[in-house]
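The structure under discussion appears below in the form of structure tokens.
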Amino acid sequence: MNIKDSTKNIYNDGEFNYFYNEKKQLTEKRSFETLFLTQYFYNKNGLLKKTIGTDVKNRYRHIIEYSYDKCSNITEQKEEETGESIRGYLFKPSVLNYEYKYNNKDCIWTKKYLTIDGKKKLVKKRFLEKNIRQKW
């Protein structure tokens, strides 16, 4: 059962409560089953800057931070866990770095690279169609 309270910007899907701000950005997600809370923070451009997940007793934290280029494409994702994990172990902190190749002035990338251990790997490629003027 999905329930939406538009006056308080809360949405419930039976498993989670989702909270939104006046800009309709997700600000918080709460799990009923695991009592886990995730908070979402945005930069001045409205892009996701950081997520912080915690358990109900605040013994565990999962933090992800994001950085972007001038075209609003993600360039870095830092992730770390601290405290006492429910799994019994913590993942090592990680950093993912992305780079883009732009073949235009409209900030539409044609190649996306992921840098791992100093080596750049192509992870996505797309082709742009040239503007074709049609006569009617």
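The way I read the labels, and the way they are meant: chains A, B, ... in the order of the structure tokens, residue 1 as the first residue of every chain, and ligand 1 as the first ligand shown, with later ones counted on from there.
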Residues of chain A in strand (DSSP E), written as a ChimeraX atom specification | /A:3-5,10-12,16-20,26-31,37-42,48-54,60-68,74-83,94-102,109-116,119-125
For segment 114-120 of chain A: contacts at 10 Å, only C-alpha atoms, fewer than 3 positions along chain excluded, given as a ChimeraX atom specification = /A:75-76,95-100,123-124
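Note that the spacing between atom CA of Phe32 of chain A and atom CA of Phe16 of chain A amounts to 6.0 Å.
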Name the closest residue to Leu90 of chain A among the candidates A:Asn17, A:Tyr60, A:Thr34, A:Lys44; distances are taken between atoms, counting only C-alpha atoms.
->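 Ranked by minimum distance to Leu90 of chain A, first place goes to A:Tyr60.
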What separation in Å, quoted to one decimal, exists between atom CA of Gln25 of chain A and atom CA of Gln77 of chain A?
->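 The value is 19.6 Å.
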Excluding Phe127 of chain A and any residue of its chain fewer than 2 positions from it, enumerate the residues within 12 Å of it, using only C-alpha atoms, and give them as an NGL selection string.
-> :A and (101-104 or 108-112 or 124-125 or 129-130)
